[in-house]
file upload.cif (mmCIF, C-alpha atoms and all ligand atoms; chains and numbers go by the auth columns)
data_my_file
#
loop_
_atom_site.group_PDB
_atom_site.id
_atom_site.type_symbol
_atom_site.label_atom_id
_atom_site.label_comp_id
_atom_site.label_asym_id
_atom_site.label_seq_id
_atom_site.Cartn_x
_atom_site.Cartn_y
_atom_site.Cartn_z
_atom_site.B_iso_or_equiv
_atom_site.auth_seq_id
_atom_site.auth_asym_id
ATOM 1 C CA MET A 1 28.247 0.879 24.614 0.00 1 A
ATOM 2 C CA THR A 2 27.172 3.056 21.707 0.00 2 A
ATOM 3 C CA SER A 3 23.780 4.708 21.844 0.00 3 A
ATOM 4 C CA CYS A 4 23.426 4.604 18.057 0.00 4 A
ATOM 5 C CA LEU A 5 20.602 2.219 17.183 0.00 5 A
ATOM 6 C CA PHE A 6 22.053 1.152 13.853 0.00 6 A
ATOM 7 C CA CYS A 7 25.552 0.672 15.298 0.00 7 A
ATOM 8 C CA ARG A 8 23.926 -1.632 17.833 0.00 8 A
ATOM 9 C CA ILE A 9 22.160 -3.583 15.067 0.00 9 A
ATOM 10 C CA ILE A 10 25.480 -3.839 13.196 0.00 10 A
ATOM 11 C CA ALA A 11 27.137 -5.102 16.394 0.00 11 A
ATOM 12 C CA GLY A 12 24.413 -7.735 16.814 0.00 12 A
ATOM 13 C CA GLU A 13 23.183 -6.230 20.084 0.00 13 A
ATOM 14 C CA ILE A 14 19.723 -5.605 18.629 0.00 14 A
ATOM 15 C CA PRO A 15 18.149 -8.120 16.246 0.00 15 A
ATOM 16 C CA ALA A 16 17.216 -7.228 12.686 0.00 16 A
ATOM 17 C CA ALA A 17 16.060 -9.177 9.653 0.00 17 A
ATOM 18 C CA LYS A 18 19.234 -9.115 7.590 0.00 18 A
ATOM 19 C CA VAL A 19 18.951 -8.972 3.820 0.00 19 A
ATOM 20 C CA PHE A 20 22.607 -8.489 2.830 0.00 20 A
ATOM 21 C CA GLU A 21 25.953 -8.080 4.533 0.00 21 A
ATOM 22 C CA ASP A 22 29.531 -7.555 3.422 0.00 22 A
ATOM 23 C CA ALA A 23 32.604 -5.968 4.971 0.00 23 A
ATOM 24 C CA ASP A 24 31.287 -2.432 4.598 0.00 24 A
ATOM 25 C CA LEU A 25 27.492 -2.628 4.487 0.00 25 A
ATOM 26 C CA LEU A 26 24.528 -4.180 6.250 0.00 26 A
ATOM 27 C CA ALA A 27 21.012 -4.239 4.793 0.00 27 A
ATOM 28 C CA PHE A 28 17.972 -5.203 6.842 0.00 28 A
ATOM 29 C CA ASN A 29 14.199 -4.910 6.679 0.00 29 A
ATOM 30 C CA ASP A 30 12.692 -1.750 8.126 0.00 30 A
ATOM 31 C CA ILE A 31 10.781 -2.501 11.340 0.00 31 A
ATOM 32 C CA ASN A 32 7.883 -0.305 10.160 0.00 32 A
ATOM 33 C CA PRO A 33 7.693 -1.000 6.434 0.00 33 A
ATOM 34 C CA GLN A 34 6.087 1.605 4.212 0.00 34 A
ATOM 35 C CA ALA A 35 5.947 -0.705 1.186 0.00 35 A
ATOM 36 C CA PRO A 36 6.130 -4.476 0.555 0.00 36 A
ATOM 37 C CA MET A 37 9.884 -3.996 0.099 0.00 37 A
ATOM 38 C CA HIS A 38 11.353 -1.575 2.623 0.00 38 A
ATOM 39 C CA VAL A 39 15.004 -2.273 3.244 0.00 39 A
ATOM 40 C CA LEU A 40 17.565 -0.050 4.977 0.00 40 A
ATOM 41 C CA ILE A 41 21.122 -0.135 3.662 0.00 41 A
ATOM 42 C CA VAL A 42 23.638 1.158 6.203 0.00 42 A
ATOM 43 C CA PRO A 43 27.414 1.547 6.227 0.00 43 A
ATOM 44 C CA LYS A 44 29.064 -0.354 9.075 0.00 44 A
ATOM 45 C CA ARG A 45 31.107 2.742 9.860 0.00 45 A
ATOM 46 C CA HIS A 46 29.154 5.321 11.832 0.00 46 A
ATOM 47 C CA LEU A 47 28.357 8.443 9.826 0.00 47 A
ATOM 48 C CA ALA A 48 25.540 10.543 11.262 0.00 48 A
ATOM 49 C CA THR A 49 24.147 12.235 8.175 0.00 49 A
ATOM 50 C CA LEU A 50 24.745 12.684 4.475 0.00 50 A
ATOM 51 C CA ASN A 51 26.500 15.941 5.401 0.00 51 A
ATOM 52 C CA ASP A 52 29.344 13.891 6.888 0.00 52 A
ATOM 53 C CA LEU A 53 30.300 12.215 3.607 0.00 53 A
ATOM 54 C CA THR A 54 33.599 13.223 2.029 0.00 54 A
ATOM 55 C CA ALA A 55 35.216 12.345 -1.279 0.00 55 A
ATOM 56 C CA ALA A 56 36.821 9.405 0.521 0.00 56 A
ATOM 57 C CA ASP A 57 33.334 7.948 0.930 0.00 57 A
ATOM 58 C CA ASP A 58 32.411 8.021 -2.762 0.00 58 A
ATOM 59 C CA ALA A 59 32.926 4.285 -3.191 0.00 59 A
ATOM 60 C CA LEU A 60 30.918 3.580 -0.041 0.00 60 A
ATOM 61 C CA ALA A 61 27.994 5.720 -1.202 0.00 61 A
ATOM 62 C CA GLY A 62 28.104 4.074 -4.612 0.00 62 A
ATOM 63 C CA ALA A 63 28.105 0.636 -3.025 0.00 63 A
ATOM 64 C CA MET A 64 25.023 1.566 -0.988 0.00 64 A
ATOM 65 C CA VAL A 65 23.148 2.590 -4.132 0.00 65 A
ATOM 66 C CA ARG A 66 24.209 -0.526 -6.026 0.00 66 A
ATOM 67 C CA CYS A 67 23.214 -2.655 -3.035 0.00 67 A
ATOM 68 C CA ALA A 68 19.728 -1.134 -3.143 0.00 68 A
ATOM 69 C CA ALA A 69 19.426 -1.911 -6.859 0.00 69 A
ATOM 70 C CA ALA A 70 20.579 -5.502 -6.331 0.00 70 A
ATOM 71 C CA ILE A 71 18.059 -6.046 -3.541 0.00 71 A
ATOM 72 C CA ALA A 72 15.295 -4.532 -5.690 0.00 72 A
ATOM 73 C CA ARG A 73 16.204 -6.938 -8.465 0.00 73 A
ATOM 74 C CA ASP A 74 16.145 -9.888 -6.034 0.00 74 A
ATOM 75 C CA ARG A 75 12.721 -8.786 -4.797 0.00 75 A
ATOM 76 C CA GLY A 76 11.317 -8.438 -8.327 0.00 76 A
ATOM 77 C CA CYS A 77 11.021 -4.647 -8.107 0.00 77 A
ATOM 78 C CA ALA A 78 13.766 -3.621 -10.509 0.00 78 A
ATOM 79 C CA ASP A 79 11.599 -3.409 -13.608 0.00 79 A
ATOM 80 C CA SER A 80 8.288 -2.393 -12.031 0.00 80 A
ATOM 81 C CA GLY A 81 10.016 0.406 -10.100 0.00 81 A
ATOM 82 C CA PHE A 82 11.500 1.158 -6.726 0.00 82 A
ATOM 83 C CA ARG A 83 12.622 4.226 -4.806 0.00 83 A
ATOM 84 C CA THR A 84 15.754 5.045 -2.855 0.00 84 A
ATOM 85 C CA VAL A 85 15.695 7.758 -0.200 0.00 85 A
ATOM 86 C CA PHE A 86 18.293 9.311 2.080 0.00 86 A
ATOM 87 C CA ASN A 87 16.609 11.531 4.659 0.00 87 A
ATOM 88 C CA CYS A 88 19.123 14.116 5.889 0.00 88 A
ATOM 89 C CA ASN A 89 18.433 15.776 9.227 0.00 89 A
ATOM 90 C CA ALA A 90 15.202 16.289 11.115 0.00 90 A
ATOM 91 C CA GLY A 91 13.509 18.596 8.631 0.00 91 A
ATOM 92 C CA ALA A 92 13.645 15.832 6.034 0.00 92 A
ATOM 93 C CA GLY A 93 12.394 13.195 8.481 0.00 93 A
ATOM 94 C CA GLN A 94 15.671 11.641 9.620 0.00 94 A
ATOM 95 C CA THR A 95 15.079 9.982 12.977 0.00 95 A
ATOM 96 C CA VAL A 96 18.096 7.663 13.212 0.00 96 A
ATOM 97 C CA PHE A 97 21.360 9.565 12.960 0.00 97 A
ATOM 98 C CA HIS A 98 23.399 6.874 11.233 0.00 98 A
ATOM 99 C CA ILE A 99 23.275 7.196 7.450 0.00 99 A
ATOM 100 C CA HIS A 100 20.827 4.792 5.843 0.00 100 A
ATOM 101 C CA LEU A 101 19.437 4.399 2.378 0.00 101 A
ATOM 102 C CA HIS A 102 15.777 3.418 2.243 0.00 102 A
ATOM 103 C CA ALA A 103 14.910 1.089 -0.638 0.00 103 A
ATOM 104 C CA LEU A 104 11.142 0.909 -1.168 0.00 104 A
ATOM 105 C CA GLY A 105 9.153 -1.007 -3.736 0.00 105 A
ATOM 106 C CA GLY A 106 6.418 -3.511 -4.435 0.00 106 A
ATOM 107 C CA ARG A 107 3.656 -0.933 -4.777 0.00 107 A
ATOM 108 C CA VAL A 108 3.018 2.207 -6.783 0.00 108 A
ATOM 109 C CA LEU A 109 4.871 5.051 -5.052 0.00 109 A
ATOM 110 C CA GLY A 110 3.383 8.536 -5.240 0.00 110 A
ATOM 111 C CA TRP A 111 5.283 11.680 -6.103 0.00 111 A
ATOM 112 C CA PRO A 112 6.060 14.207 -4.714 0.00 112 A
ATOM 113 C CA PRO A 113 6.818 12.659 -1.305 0.00 113 A
ATOM 114 C CA GLY A 114 5.435 14.356 1.789 0.00 114 A
HETATM 115 P P1 LIG B . 14.629 7.829 9.007 0.00 201 B
HETATM 116 O O1 LIG B . 13.312 8.373 9.467 0.00 201 B
HETATM 117 O O2 LIG B . 15.747 8.170 9.967 0.00 201 B
HETATM 118 O O3 LIG B . 14.976 8.173 7.581 0.00 201 B
HETATM 119 O O4 LIG B . 14.474 6.253 8.991 0.00 201 B
HETATM 120 C C1 LIG B . 14.675 5.471 10.114 0.00 201 B
HETATM 121 C C2 LIG B . 14.010 4.152 9.835 0.00 201 B
HETATM 122 O O5 LIG B . 14.464 3.226 10.780 0.00 201 B
HETATM 123 C C3 LIG B . 12.487 4.205 9.933 0.00 201 B
HETATM 124 O O6 LIG B . 11.909 3.834 8.698 0.00 201 B
HETATM 125 C C4 LIG B . 12.177 3.228 11.058 0.00 201 B
HETATM 126 O O7 LIG B . 11.002 2.481 10.827 0.00 201 B
HETATM 127 C C5 LIG B . 13.422 2.349 11.093 0.00 201 B
HETATM 128 N N1 LIG B . 13.696 1.798 12.397 0.00 201 B
HETATM 129 C C6 LIG B . 13.673 2.447 13.593 0.00 201 B
HETATM 130 N N2 LIG B . 14.016 1.610 14.587 0.00 201 B
HETATM 131 C C7 LIG B . 14.289 0.404 14.000 0.00 201 B
HETATM 132 C C8 LIG B . 14.696 -0.859 14.527 0.00 201 B
HETATM 133 O O8 LIG B . 14.907 -1.051 15.728 0.00 201 B
HETATM 134 N N3 LIG B . 14.875 -1.865 13.628 0.00 201 B
HETATM 135 C C9 LIG B . 14.658 -1.685 12.283 0.00 201 B
HETATM 136 N N4 LIG B . 14.852 -2.758 11.493 0.00 201 B
HETATM 137 N N5 LIG B . 14.270 -0.506 11.763 0.00 201 B
HETATM 138 C C10 LIG B . 14.090 0.530 12.609 0.00 201 B
HETATM 139 ZN ZN ZN B . 25.865 4.438 14.209 0.00 202 B
#
call {"tool": "encode", "arguments": {"input": "upload.cif", "output": "structure tokens"}}
result
Amino acid sequence: MTSCLFCRIIAGEIPAAKVFEDADLLAFNDINPQAPMHVLIVPKRHLATLNDLTAADDALAGAMVRCAAAIARDRGCADSGFRTVFNCNAGAGQTVFHIHLHALGGRVLGWPPG
């Protein structure tokens, strides 16, 4: 059994509030939301960090970004504004080492981030 939390969610071993799913991606609500919309978009294939992406993953990365935009539109955040974030490695706050794109919206988001 894998020890990767998001692989276990993808496998259905741990429940999550699913927002979107296709052959390559799963999107689900963050368990500790930092905004009214806080969705995580993850590839079904395990990749630990952004540093593991290769040119062969360009379509996958693009699909993750477009998935975030589609969810933001569904949630009514597309025009008011939303934010997408990939944290890469511990110094940037990555705590789950399976690539995930945060999609946050539904409130005013400050800049710069912490
Ligand atoms: P990171 O800090 O790695 O960029 O983001 C990891 C995110 O995963 C955090 O926002 C955290 O709240 C979320 N998270 C951690 N454990 C779970 C879980 O079991 N289920 C869900 N849905 N989200 C989780
Ligand atoms: Zn994984």
call {"tool": "residues_near_ligand", "arguments": {"input": "upload.cif", "ligand": "ligand ZN 202 (chain B)", "cutoff": "8 Å", "atoms": "only C-alpha atoms and all ligand atoms", "output": "list in words"}}
result
Thr2, Ser3, Cys4, Leu5, Phe6, Cys7, Arg8, Lys44, Arg45, His46, Leu47, Ala48, Phe97, His98 and Ile99 of chain A
call {"tool": "closest_residue", "arguments": {"input": "upload.cif", "among": "A:Gly76, A:Phe86, A:Pro113, A:Thr95", "to": "A:Pro36", "atoms": "all atoms listed in the file"}}
result
A:Gly76
call {"tool": "residues_near_ligand", "arguments": {"input": "upload.cif", "ligand": "ligand LIG 201 (chain B)", "cutoff": "12 Å", "atoms": "only C-alpha atoms and all ligand atoms", "output": "PDB file with C-alpha atoms, in the coordinates of the input"}}
result
ATOM      1  CA  CYS A   4      23.426   4.604  18.057  1.00  0.00           C
ATOM      2  CA  LEU A   5      20.602   2.219  17.183  1.00  0.00           C
ATOM      3  CA  PHE A   6      22.053   1.152  13.853  1.00  0.00           C
ATOM      4  CA  CYS A   7      25.552   0.672  15.298  1.00  0.00           C
ATOM      5  CA  ARG A   8      23.926  -1.632  17.833  1.00  0.00           C
ATOM      6  CA  ILE A   9      22.160  -3.583  15.067  1.00  0.00           C
ATOM      7  CA  ILE A  10      25.480  -3.839  13.196  1.00  0.00           C
ATOM      8  CA  GLY A  12      24.413  -7.735  16.814  1.00  0.00           C
ATOM      9  CA  GLU A  13      23.183  -6.230  20.084  1.00  0.00           C
ATOM     10  CA  ILE A  14      19.723  -5.605  18.629  1.00  0.00           C
ATOM     11  CA  PRO A  15      18.149  -8.120  16.246  1.00  0.00           C
ATOM     12  CA  ALA A  16      17.216  -7.228  12.686  1.00  0.00           C
ATOM     13  CA  ALA A  17      16.060  -9.177   9.653  1.00  0.00           C
ATOM     14  CA  LYS A  18      19.234  -9.115   7.590  1.00  0.00           C
ATOM     15  CA  VAL A  19      18.951  -8.972   3.820  1.00  0.00           C
ATOM     16  CA  LEU A  26      24.528  -4.180   6.250  1.00  0.00           C
ATOM     17  CA  ALA A  27      21.012  -4.239   4.793  1.00  0.00           C
ATOM     18  CA  PHE A  28      17.972  -5.203   6.842  1.00  0.00           C
ATOM     19  CA  ASN A  29      14.199  -4.910   6.679  1.00  0.00           C
ATOM     20  CA  ASP A  30      12.692  -1.750   8.126  1.00  0.00           C
ATOM     21  CA  ILE A  31      10.781  -2.501  11.340  1.00  0.00           C
ATOM     22  CA  ASN A  32       7.883  -0.305  10.160  1.00  0.00           C
ATOM     23  CA  PRO A  33       7.693  -1.000   6.434  1.00  0.00           C
ATOM     24  CA  GLN A  34       6.087   1.605   4.212  1.00  0.00           C
ATOM     25  CA  ALA A  35       5.947  -0.705   1.186  1.00  0.00           C
ATOM     26  CA  MET A  37       9.884  -3.996   0.099  1.00  0.00           C
ATOM     27  CA  HIS A  38      11.353  -1.575   2.623  1.00  0.00           C
ATOM     28  CA  VAL A  39      15.004  -2.273   3.244  1.00  0.00           C
ATOM     29  CA  LEU A  40      17.565  -0.050   4.977  1.00  0.00           C
ATOM     30  CA  ILE A  41      21.122  -0.135   3.662  1.00  0.00           C
ATOM     31  CA  VAL A  42      23.638   1.158   6.203  1.00  0.00           C
ATOM     32  CA  ALA A  48      25.540  10.543  11.262  1.00  0.00           C
ATOM     33  CA  THR A  49      24.147  12.235   8.175  1.00  0.00           C
ATOM     34  CA  LEU A  50      24.745  12.684   4.475  1.00  0.00           C
ATOM     35  CA  THR A  84      15.754   5.045  -2.855  1.00  0.00           C
ATOM     36  CA  VAL A  85      15.695   7.758  -0.200  1.00  0.00           C
ATOM     37  CA  PHE A  86      18.293   9.311   2.080  1.00  0.00           C
ATOM     38  CA  ASN A  87      16.609  11.531   4.659  1.00  0.00           C
ATOM     39  CA  CYS A  88      19.123  14.116   5.889  1.00  0.00           C
ATOM     40  CA  ASN A  89      18.433  15.776   9.227  1.00  0.00           C
ATOM     41  CA  ALA A  90      15.202  16.289  11.115  1.00  0.00           C
ATOM     42  CA  GLY A  91      13.509  18.596   8.631  1.00  0.00           C
ATOM     43  CA  ALA A  92      13.645  15.832   6.034  1.00  0.00           C
ATOM     44  CA  GLY A  93      12.394  13.195   8.481  1.00  0.00           C
ATOM     45  CA  GLN A  94      15.671  11.641   9.620  1.00  0.00           C
ATOM     46  CA  THR A  95      15.079   9.982  12.977  1.00  0.00           C
ATOM     47  CA  VAL A  96      18.096   7.663  13.212  1.00  0.00           C
ATOM     48  CA  PHE A  97      21.360   9.565  12.960  1.00  0.00           C
ATOM     49  CA  HIS A  98      23.399   6.874  11.233  1.00  0.00           C
ATOM     50  CA  ILE A  99      23.275   7.196   7.450  1.00  0.00           C
ATOM     51  CA  HIS A 100      20.827   4.792   5.843  1.00  0.00           C
ATOM     52  CA  LEU A 101      19.437   4.399   2.378  1.00  0.00           C
ATOM     53  CA  HIS A 102      15.777   3.418   2.243  1.00  0.00           C
ATOM     54  CA  ALA A 103      14.910   1.089  -0.638  1.00  0.00           C
ATOM     55  CA  LEU A 104      11.142   0.909  -1.168  1.00  0.00           C
TER      56      LEU A 104
END
call {"tool": "residues_around", "arguments": {"input": "upload.cif", "residues": "stretch 78-82 of chain A", "least_positions_apart": "6", "cutoff": "9 Å", "atoms": "only C-alpha atoms", "output": "PyMOL selection string"}}
result
chain A and resi 37+69-72+103-109
call {"tool": "atom_distance", "arguments": {"input": "upload.cif", "atom1": "atom CA of A:Asp24", "atom2": "atom CA of A:Ala63"}}
result
8.8 Å
call {"tool": "atom_distance", "arguments": {"input": "upload.cif", "atom1": "atom CA of A:Arg83", "atom2": "atom CA of A:Thr54"}}
result
23.8 Å
call {"tool": "atom_distance", "arguments": {"input": "upload.cif", "atom1": "atom CA of A:Cys77", "atom2": "atom CA of A:Leu60"}}
result
23.0 Å
call {"tool": "build_atoms", "arguments": {"input": "upload.cif", "residues": "stretch 2-24 of chain A", "atoms": "N, CA and C atoms", "output": "PDB file, in the frame of the given file"}}
result
ATOM      1  N   THR A   2      27.670   1.968  22.525  1.00  0.00           N
ATOM      2  CA  THR A   2      27.172   3.056  21.707  1.00  0.00           C
ATOM      3  C   THR A   2      25.665   3.234  21.897  1.00  0.00           C
ATOM      4  N   SER A   3      25.218   4.459  21.762  1.00  0.00           N
ATOM      5  CA  SER A   3      23.780   4.708  21.844  1.00  0.00           C
ATOM      6  C   SER A   3      23.152   4.732  20.460  1.00  0.00           C
ATOM      7  N   CYS A   4      23.974   4.555  19.418  1.00  0.00           N
ATOM      8  CA  CYS A   4      23.426   4.604  18.057  1.00  0.00           C
ATOM      9  C   CYS A   4      22.710   3.292  17.748  1.00  0.00           C
ATOM     10  N   LEU A   5      21.427   3.404  17.436  1.00  0.00           N
ATOM     11  CA  LEU A   5      20.602   2.219  17.183  1.00  0.00           C
ATOM     12  C   LEU A   5      21.187   1.357  16.071  1.00  0.00           C
ATOM     13  N   PHE A   6      21.580   1.972  14.979  1.00  0.00           N
ATOM     14  CA  PHE A   6      22.053   1.152  13.853  1.00  0.00           C
ATOM     15  C   PHE A   6      23.443   0.585  14.126  1.00  0.00           C
ATOM     16  N   CYS A   7      24.289   1.288  14.879  1.00  0.00           N
ATOM     17  CA  CYS A   7      25.552   0.672  15.298  1.00  0.00           C
ATOM     18  C   CYS A   7      25.284  -0.551  16.166  1.00  0.00           C
ATOM     19  N   ARG A   8      24.252  -0.490  16.972  1.00  0.00           N
ATOM     20  CA  ARG A   8      23.926  -1.632  17.833  1.00  0.00           C
ATOM     21  C   ARG A   8      23.374  -2.799  17.013  1.00  0.00           C
ATOM     22  N   ILE A   9      22.610  -2.504  15.969  1.00  0.00           N
ATOM     23  CA  ILE A   9      22.160  -3.583  15.067  1.00  0.00           C
ATOM     24  C   ILE A   9      23.367  -4.193  14.361  1.00  0.00           C
ATOM     25  N   ILE A  10      24.277  -3.349  13.882  1.00  0.00           N
ATOM     26  CA  ILE A  10      25.480  -3.839  13.196  1.00  0.00           C
ATOM     27  C   ILE A  10      26.307  -4.716  14.139  1.00  0.00           C
ATOM     28  N   ALA A  11      26.369  -4.335  15.401  1.00  0.00           N
ATOM     29  CA  ALA A  11      27.137  -5.102  16.394  1.00  0.00           C
ATOM     30  C   ALA A  11      26.417  -6.373  16.840  1.00  0.00           C
ATOM     31  N   GLY A  12      25.174  -6.556  16.425  1.00  0.00           N
ATOM     32  CA  GLY A  12      24.413  -7.735  16.814  1.00  0.00           C
ATOM     33  C   GLY A  12      23.767  -7.615  18.179  1.00  0.00           C
ATOM     34  N   GLU A  13      23.766  -6.430  18.749  1.00  0.00           N
ATOM     35  CA  GLU A  13      23.183  -6.230  20.084  1.00  0.00           C
ATOM     36  C   GLU A  13      21.665  -6.111  20.021  1.00  0.00           C
ATOM     37  N   ILE A  14      21.169  -5.711  18.854  1.00  0.00           N
ATOM     38  CA  ILE A  14      19.723  -5.605  18.629  1.00  0.00           C
ATOM     39  C   ILE A  14      19.425  -6.411  17.373  1.00  0.00           C
ATOM     40  N   PRO A  15      18.419  -7.288  17.421  1.00  0.00           N
ATOM     41  CA  PRO A  15      18.149  -8.120  16.246  1.00  0.00           C
ATOM     42  C   PRO A  15      17.542  -7.328  15.092  1.00  0.00           C
ATOM     43  N   ALA A  16      17.813  -7.801  13.893  1.00  0.00           N
ATOM     44  CA  ALA A  16      17.216  -7.228  12.686  1.00  0.00           C
ATOM     45  C   ALA A  16      17.155  -8.333  11.642  1.00  0.00           C
ATOM     46  N   ALA A  17      16.206  -8.199  10.736  1.00  0.00           N
ATOM     47  CA  ALA A  17      16.060  -9.177   9.653  1.00  0.00           C
ATOM     48  C   ALA A  17      17.031  -8.802   8.538  1.00  0.00           C
ATOM     49  N   LYS A  18      18.181  -9.463   8.534  1.00  0.00           N
ATOM     50  CA  LYS A  18      19.234  -9.115   7.590  1.00  0.00           C
ATOM     51  C   LYS A  18      18.888  -9.565   6.181  1.00  0.00           C
ATOM     52  N   VAL A  19      19.201  -8.703   5.242  1.00  0.00           N
ATOM     53  CA  VAL A  19      18.951  -8.972   3.820  1.00  0.00           C
ATOM     54  C   VAL A  19      20.280  -9.163   3.088  1.00  0.00           C
ATOM     55  N   PHE A  20      21.300  -8.440   3.500  1.00  0.00           N
ATOM     56  CA  PHE A  20      22.607  -8.489   2.830  1.00  0.00           C
ATOM     57  C   PHE A  20      23.648  -7.992   3.819  1.00  0.00           C
ATOM     58  N   GLU A  21      24.844  -8.567   3.703  1.00  0.00           N
ATOM     59  CA  GLU A  21      25.953  -8.080   4.533  1.00  0.00           C
ATOM     60  C   GLU A  21      27.261  -8.322   3.806  1.00  0.00           C
ATOM     61  N   ASP A  22      28.144  -7.341   3.842  1.00  0.00           N
ATOM     62  CA  ASP A  22      29.531  -7.555   3.422  1.00  0.00           C
ATOM     63  C   ASP A  22      30.420  -6.799   4.397  1.00  0.00           C
ATOM     64  N   ALA A  23      31.659  -6.574   4.025  1.00  0.00           N
ATOM     65  CA  ALA A  23      32.604  -5.968   4.971  1.00  0.00           C
ATOM     66  C   ALA A  23      32.220  -4.539   5.333  1.00  0.00           C
ATOM     67  N   ASP A  24      31.548  -3.862   4.418  1.00  0.00           N
ATOM     68  CA  ASP A  24      31.287  -2.432   4.598  1.00  0.00           C
ATOM     69  C   ASP A  24      29.839  -2.089   4.874  1.00  0.00           C
TER      70      ASP A  24
END
